[in-house]
$ cat start-v9.pdb   # PDB, C-alpha atoms
ATOM      1  CA  MET A   1     145.396  25.908 -79.961
ATOM      2  CA  ALA A   2     144.911  25.984 -83.690
ATOM      3  CA  ALA A   3     141.563  25.588 -85.382
ATOM      4  CA  PRO A   4     140.973  22.026 -86.514
ATOM      5  CA  ALA A   5     141.399  21.382 -90.230
ATOM      6  CA  GLY A   6     138.097  21.746 -92.064
ATOM      7  CA  ALA A   7     136.388  23.304 -89.047
ATOM      8  CA  GLU A   8     134.404  25.782 -91.160
ATOM      9  CA  GLN A   9     132.752  22.996 -93.188
ATOM     10  CA  ALA A  10     131.812  20.968 -90.120
ATOM     11  CA  THR A  11     128.233  20.510 -88.970
ATOM     12  CA  TYR A  12     127.789  21.168 -85.276
ATOM     13  CA  PHE A  13     125.125  19.804 -82.961
ATOM     14  CA  PRO A  14     122.805  22.521 -81.563
ATOM     15  CA  ILE A  15     122.892  22.953 -77.781
ATOM     16  CA  SER A  16     119.085  23.152 -77.731
ATOM     17  CA  GLU A  17     118.877  19.553 -79.002
ATOM     18  CA  LEU A  18     121.220  17.989 -76.429
ATOM     19  CA  SER A  19     119.745  15.082 -74.501
ATOM     20  CA  THR A  20     120.790  11.788 -72.973
ATOM     21  CA  TYR A  21     119.676  10.093 -76.215
ATOM     22  CA  HIS A  22     122.460  11.682 -78.267
ATOM     23  CA  ALA A  23     125.835  10.163 -77.450
ATOM     24  CA  LYS A  24     128.122  11.535 -80.156
ATOM     25  CA  TRP A  25     128.037  15.251 -80.758
ATOM     26  CA  VAL A  26     130.384  18.136 -81.483
ATOM     27  CA  LEU A  27     129.355  21.573 -80.239
ATOM     28  CA  LYS A  28     130.663  24.914 -81.411
ATOM     29  CA  ALA A  29     130.064  27.325 -78.560
ATOM     30  CA  ARG A  30     131.210  30.484 -76.834
ATOM     31  CA  VAL A  31     132.249  30.273 -73.180
ATOM     32  CA  THR A  32     130.047  32.892 -71.497
ATOM     33  CA  SER A  33     131.192  32.251 -67.927
ATOM     34  CA  LYS A  34     133.893  30.194 -66.255
ATOM     35  CA  GLY A  35     134.111  29.194 -62.603
ATOM     36  CA  GLN A  36     137.159  28.659 -60.427
ATOM     37  CA  LEU A  37     139.126  25.415 -60.282
ATOM     38  CA  ARG A  38     137.988  23.773 -57.045
ATOM     39  CA  THR A  39     139.179  20.732 -55.109
ATOM     40  CA  PHE A  40     136.660  18.427 -53.445
ATOM     41  CA  GLN A  41     136.672  15.129 -51.580
ATOM     42  CA  ALA A  42     135.161  12.193 -53.462
ATOM     43  CA  ARG A  43     132.098  10.712 -51.754
ATOM     44  CA  ASN A  44     133.378   7.161 -52.011
ATOM     45  CA  GLY A  45     136.558   7.991 -50.089
ATOM     46  CA  GLY A  46     138.641   7.937 -53.259
ATOM     47  CA  GLY A  47     140.605  11.017 -52.258
ATOM     48  CA  SER A  48     140.441  14.517 -53.655
ATOM     49  CA  ASN A  49     139.456  15.553 -57.144
ATOM     50  CA  GLN A  50     139.258  18.810 -59.093
ATOM     51  CA  VAL A  51     136.396  20.441 -60.963
ATOM     52  CA  PHE A  52     135.508  23.648 -62.768
ATOM     53  CA  ASP A  53     132.383  24.599 -64.655
ATOM     54  CA  CYS A  54     131.536  26.936 -67.485
ATOM     55  CA  SER A  55     128.504  28.008 -69.502
ATOM     56  CA  LEU A  56     128.476  27.323 -73.241
ATOM     57  CA  LEU A  57     126.351  29.322 -75.690
ATOM     58  CA  ASP A  58     125.555  28.748 -79.363
ATOM     59  CA  GLU A  59     122.856  30.184 -81.657
ATOM     60  CA  SER A  60     120.250  27.783 -80.224
ATOM     61  CA  GLY A  61     120.787  27.944 -76.464
ATOM     62  CA  GLU A  62     123.010  27.722 -73.402
ATOM     63  CA  VAL A  63     124.168  24.747 -71.327
ATOM     64  CA  ARG A  64     126.395  24.239 -68.292
ATOM     65  CA  ALA A  65     129.510  22.087 -68.641
ATOM     66  CA  SER A  66     131.643  20.643 -65.828
ATOM     67  CA  PHE A  67     135.194  19.381 -66.207
ATOM     68  CA  PHE A  68     136.451  16.825 -63.668
ATOM     69  CA  GLY A  69     139.812  15.322 -62.705
ATOM     70  CA  ALA A  70     142.471  15.232 -65.412
ATOM     71  CA  MET A  71     140.217  17.131 -67.837
ATOM     72  CA  ALA A  72     139.798  19.946 -65.287
ATOM     73  CA  GLU A  73     143.574  20.208 -64.934
ATOM     74  CA  LYS A  74     144.120  20.010 -68.699
ATOM     75  CA  TYR A  75     141.551  22.585 -69.809
ATOM     76  CA  PHE A  76     141.257  25.071 -66.928
ATOM     77  CA  GLY A  77     144.238  27.114 -68.112
ATOM     78  CA  THR A  78     143.260  26.775 -71.770
ATOM     79  CA  ILE A  79     139.567  27.668 -71.874
ATOM     80  CA  GLU A  80     138.940  31.424 -71.748
ATOM     81  CA  GLN A  81     135.685  33.260 -71.139
ATOM     82  CA  GLY A  82     134.434  34.952 -74.312
ATOM     83  CA  LYS A  83     136.300  32.651 -76.719
ATOM     84  CA  VAL A  84     134.765  30.092 -79.116
ATOM     85  CA  TYR A  85     135.667  26.390 -79.036
ATOM     86  CA  THR A  86     134.492  23.031 -80.270
ATOM     87  CA  PHE A  87     133.551  20.565 -77.532
ATOM     88  CA  SER A  88     133.223  16.804 -77.968
ATOM     89  CA  ARG A  89     133.584  13.468 -76.171
ATOM     90  CA  GLY A  90     131.566  14.545 -73.157
ATOM     91  CA  ASN A  91     128.533  13.039 -71.464
ATOM     92  CA  CYS A  92     125.083  14.554 -71.239
ATOM     93  CA  ARG A  93     123.008  14.103 -68.085
ATOM     94  CA  ILE A  94     119.934  15.628 -66.483
ATOM     95  CA  ALA A  95     120.860  18.971 -64.910
ATOM     96  CA  ASN A  96     121.392  19.046 -61.154
ATOM     97  CA  ARG A  97     119.481  22.204 -60.168
ATOM     98  CA  GLN A  98     121.411  22.427 -56.898
ATOM     99  CA  TYR A  99     124.505  23.503 -58.854
ATOM    100  CA  ASN A 100     123.152  24.465 -62.272
ATOM    101  CA  ARG A 101     121.533  27.847 -62.979
ATOM    102  CA  CYS A 102     121.217  27.422 -66.773
ATOM    103  CA  ASN A 103     117.720  26.933 -68.133
ATOM    104  CA  HIS A 104     118.704  23.835 -70.133
ATOM    105  CA  ARG A 105     117.202  20.552 -68.939
ATOM    106  CA  TYR A 106     120.576  18.822 -69.358
ATOM    107  CA  GLU A 107     124.202  19.544 -68.508
ATOM    108  CA  LEU A 108     127.505  18.284 -69.892
ATOM    109  CA  VAL A 109     130.236  16.422 -68.035
ATOM    110  CA  PHE A 110     133.776  16.115 -69.355
ATOM    111  CA  ASP A 111     135.725  13.661 -67.225
ATOM    112  CA  ARG A 112     137.780  11.301 -69.386
ATOM    113  CA  ASP A 113     138.417  11.752 -73.088
ATOM    114  CA  ALA A 114     137.167  15.311 -73.580
ATOM    115  CA  LEU A 115     138.308  17.166 -76.654
ATOM    116  CA  VAL A 116     138.215  20.970 -76.682
ATOM    117  CA  GLU A 117     139.702  22.961 -79.547
ATOM    118  CA  ALA A 118     139.796  26.702 -80.168
ATOM    119  CA  VAL A 119     138.128  27.856 -83.384
ATOM    120  CA  ALA A 120     137.859  31.183 -85.165
ATOM    121  CA  ASP A 121     135.137  33.496 -83.894
ATOM    122  CA  ASP A 122     132.911  34.152 -86.905
ATOM    123  CA  GLY A 123     130.630  36.455 -84.883
ATOM    124  CA  LYS A 124     127.553  34.220 -85.275
ATOM    125  CA  ILE A 125     127.386  33.355 -81.572
ATOM    126  CA  GLU A 126     126.263  36.095 -79.185
ATOM    127  CA  THR A 127     128.342  36.969 -76.122
ATOM    128  CA  MET A 128     125.407  36.584 -73.705
ATOM    129  CA  SER A 129     121.930  35.111 -73.685
ATOM    130  CA  PHE A 130     118.910  36.576 -71.910
ATOM    131  CA  THR A 131     115.414  35.271 -71.271
ATOM    132  CA  PHE A 132     113.507  38.225 -69.886
ATOM    133  CA  THR A 133     110.785  37.602 -67.312
ATOM    134  CA  ASP A 134     108.180  39.997 -65.979
ATOM    135  CA  MET A 135     107.632  40.527 -62.251
ATOM    136  CA  ARG A 136     104.325  38.620 -62.182
ATOM    137  CA  THR A 137     106.033  35.482 -63.464
ATOM    138  CA  VAL A 138     108.815  35.736 -60.867
ATOM    139  CA  GLN A 139     106.246  35.442 -58.084
ATOM    140  CA  SER A 140     105.234  31.949 -59.249
ATOM    141  CA  LYS A 141     108.790  30.605 -59.747
ATOM    142  CA  THR A 142     110.184  27.883 -57.509
ATOM    143  CA  LEU A 143     113.132  29.060 -55.412
ATOM    144  CA  PRO A 144     116.026  29.173 -55.904
ATOM    145  CA  CYS A 145     115.828  30.423 -59.474
ATOM    146  CA  SER A 146     117.627  32.772 -61.831
ATOM    147  CA  VAL A 147     115.756  35.272 -63.980
ATOM    148  CA  ASP A 148     116.556  38.162 -66.293
ATOM    149  CA  LEU A 149     114.443  41.230 -65.501
ATOM    150  CA  CYS A 150     113.839  44.130 -67.823
TER     151      CYS A 150
END
$ encode --input "start-v9.pdb" --output "structure tokens"
Amino acid sequence: MAAPAGAEQATYFPISELSTYHAKWVLKARVTSKGQLRTFQARNGGGSNQVFDCSLLDESGEVRASFFGAMAEKYFGTIEQGKVYTFSRGNCRIANRQYNRCNHRYELVFDRDALVEAVADDGKIETMSFTFTDMRTVQSKTLPCSVDLC
């Protein structure tokens, strides 16, 4: 995948500002983790479907993204952990804490017209993000939870 023309001049939407009130956005983010491609049965009896998820990181924060159906098939073999991409044409929804371990209040869903393009890694985006917590704070957290301990 080639970098889109004019990608360096583009203005990208910060992950920290994602919400259900912003419909059109383009993120530039590093894939910090990528799950397996899984098959599941649709609840409405519509047959089987595929899904994979990944974590996206930019300078402002981290968010979980899930790819469903045709978009899961299209991008699973293309998206690589550690690489930087632009992401657009997805939907933002309130994070489902049953499946989402990111600290972001929202998560992204790519299920129809997703557009993901590889871009040059300019080194501005870290490879991992940590939010360190002390042991006293862990005691008051609601389970299950994820924390970074130092």
$ residues_around --input "start-v9.pdb" --residues "Cys102 in chain A" --least-positions-apart "4" --cutoff "8 Å" --atoms "all atoms listed in the file" --output "list in words"
Ser55, Glu62, Val63 and Arg64 of chain A
$ atom_distance --input "start-v9.pdb" --atom1 "CA of Gly61 in chain A" --atom2 "CA of Lys124 in chain A"
12.8 Å
$ atom_distance --input "start-v9.pdb" --atom1 "CA of Leu37 in chain A" --atom2 "CA of Val119 in chain A"
23.3 Å
$ residues_around --input "start-v9.pdb" --residues "Leu57 in chain A" --least-positions-apart "4" --cutoff "12 Å" --atoms "only C-alpha atoms" --output "PyMOL selection string"
chain A and resi 14-16+27-33+61-65+81-87+102-104+124-130
$ atom_distance --input "start-v9.pdb" --atom1 "CA of Leu108 in chain A" --atom2 "CA of Ser48 in chain A"
21.1 Å
$ closest_residue --input "start-v9.pdb" --among "A:Glu17, A:Asn49, A:Ala42, A:Thr11" --to "Glu73 in chain A" --atoms "only C-alpha atoms"
A:Asn49
$ closest_residue --input "start-v9.pdb" --among "A:Arg136, A:Arg93, A:Arg112, A:Arg101" --to "Leu18 in chain A" --atoms "only C-alpha atoms"
A:Arg93
$ residues_near_point --input "start-v9.pdb" --point "(119.9, 18.8, -63.0)" --cutoff "9 Å" --atoms "all atoms listed in the file" --output "list in words"
Arg93, Ile94, Ala95, Asn96, Arg97, Gln98, Tyr99, Asn100, His104, Arg105, Tyr106 and Glu107 of chain A
$ closest_residue --input "start-v9.pdb" --among "A:Tyr12, A:Tyr75, A:Phe68, A:Phe110" --to "Thr39 in chain A" --atoms "all atoms listed in the file"
A:Phe68
$ residues_near_point --input "start-v9.pdb" --point "(125.7, 9.3, -81.4)" --cutoff "12 Å" --atoms "all atoms listed in the file" --output "PDB file with C-alpha atoms, keeping the file's coordinate frame"
ATOM      1  CA  PHE A  13     125.125  19.804 -82.961  1.00  0.00           C
ATOM      2  CA  LEU A  18     121.220  17.989 -76.429  1.00  0.00           C
ATOM      3  CA  SER A  19     119.745  15.082 -74.501  1.00  0.00           C
ATOM      4  CA  THR A  20     120.790  11.788 -72.973  1.00  0.00           C
ATOM      5  CA  TYR A  21     119.676  10.093 -76.215  1.00  0.00           C
ATOM      6  CA  HIS A  22     122.460  11.682 -78.267  1.00  0.00           C
ATOM      7  CA  ALA A  23     125.835  10.163 -77.450  1.00  0.00           C
ATOM      8  CA  LYS A  24     128.122  11.535 -80.156  1.00  0.00           C
ATOM      9  CA  TRP A  25     128.037  15.251 -80.758  1.00  0.00           C
ATOM     10  CA  VAL A  26     130.384  18.136 -81.483  1.00  0.00           C
ATOM     11  CA  SER A  88     133.223  16.804 -77.968  1.00  0.00           C
ATOM     12  CA  ARG A  89     133.584  13.468 -76.171  1.00  0.00           C
ATOM     13  CA  GLY A  90     131.566  14.545 -73.157  1.00  0.00           C
ATOM     14  CA  ASN A  91     128.533  13.039 -71.464  1.00  0.00           C
ATOM     15  CA  CYS A  92     125.083  14.554 -71.239  1.00  0.00           C
TER      16      CYS A  92
END
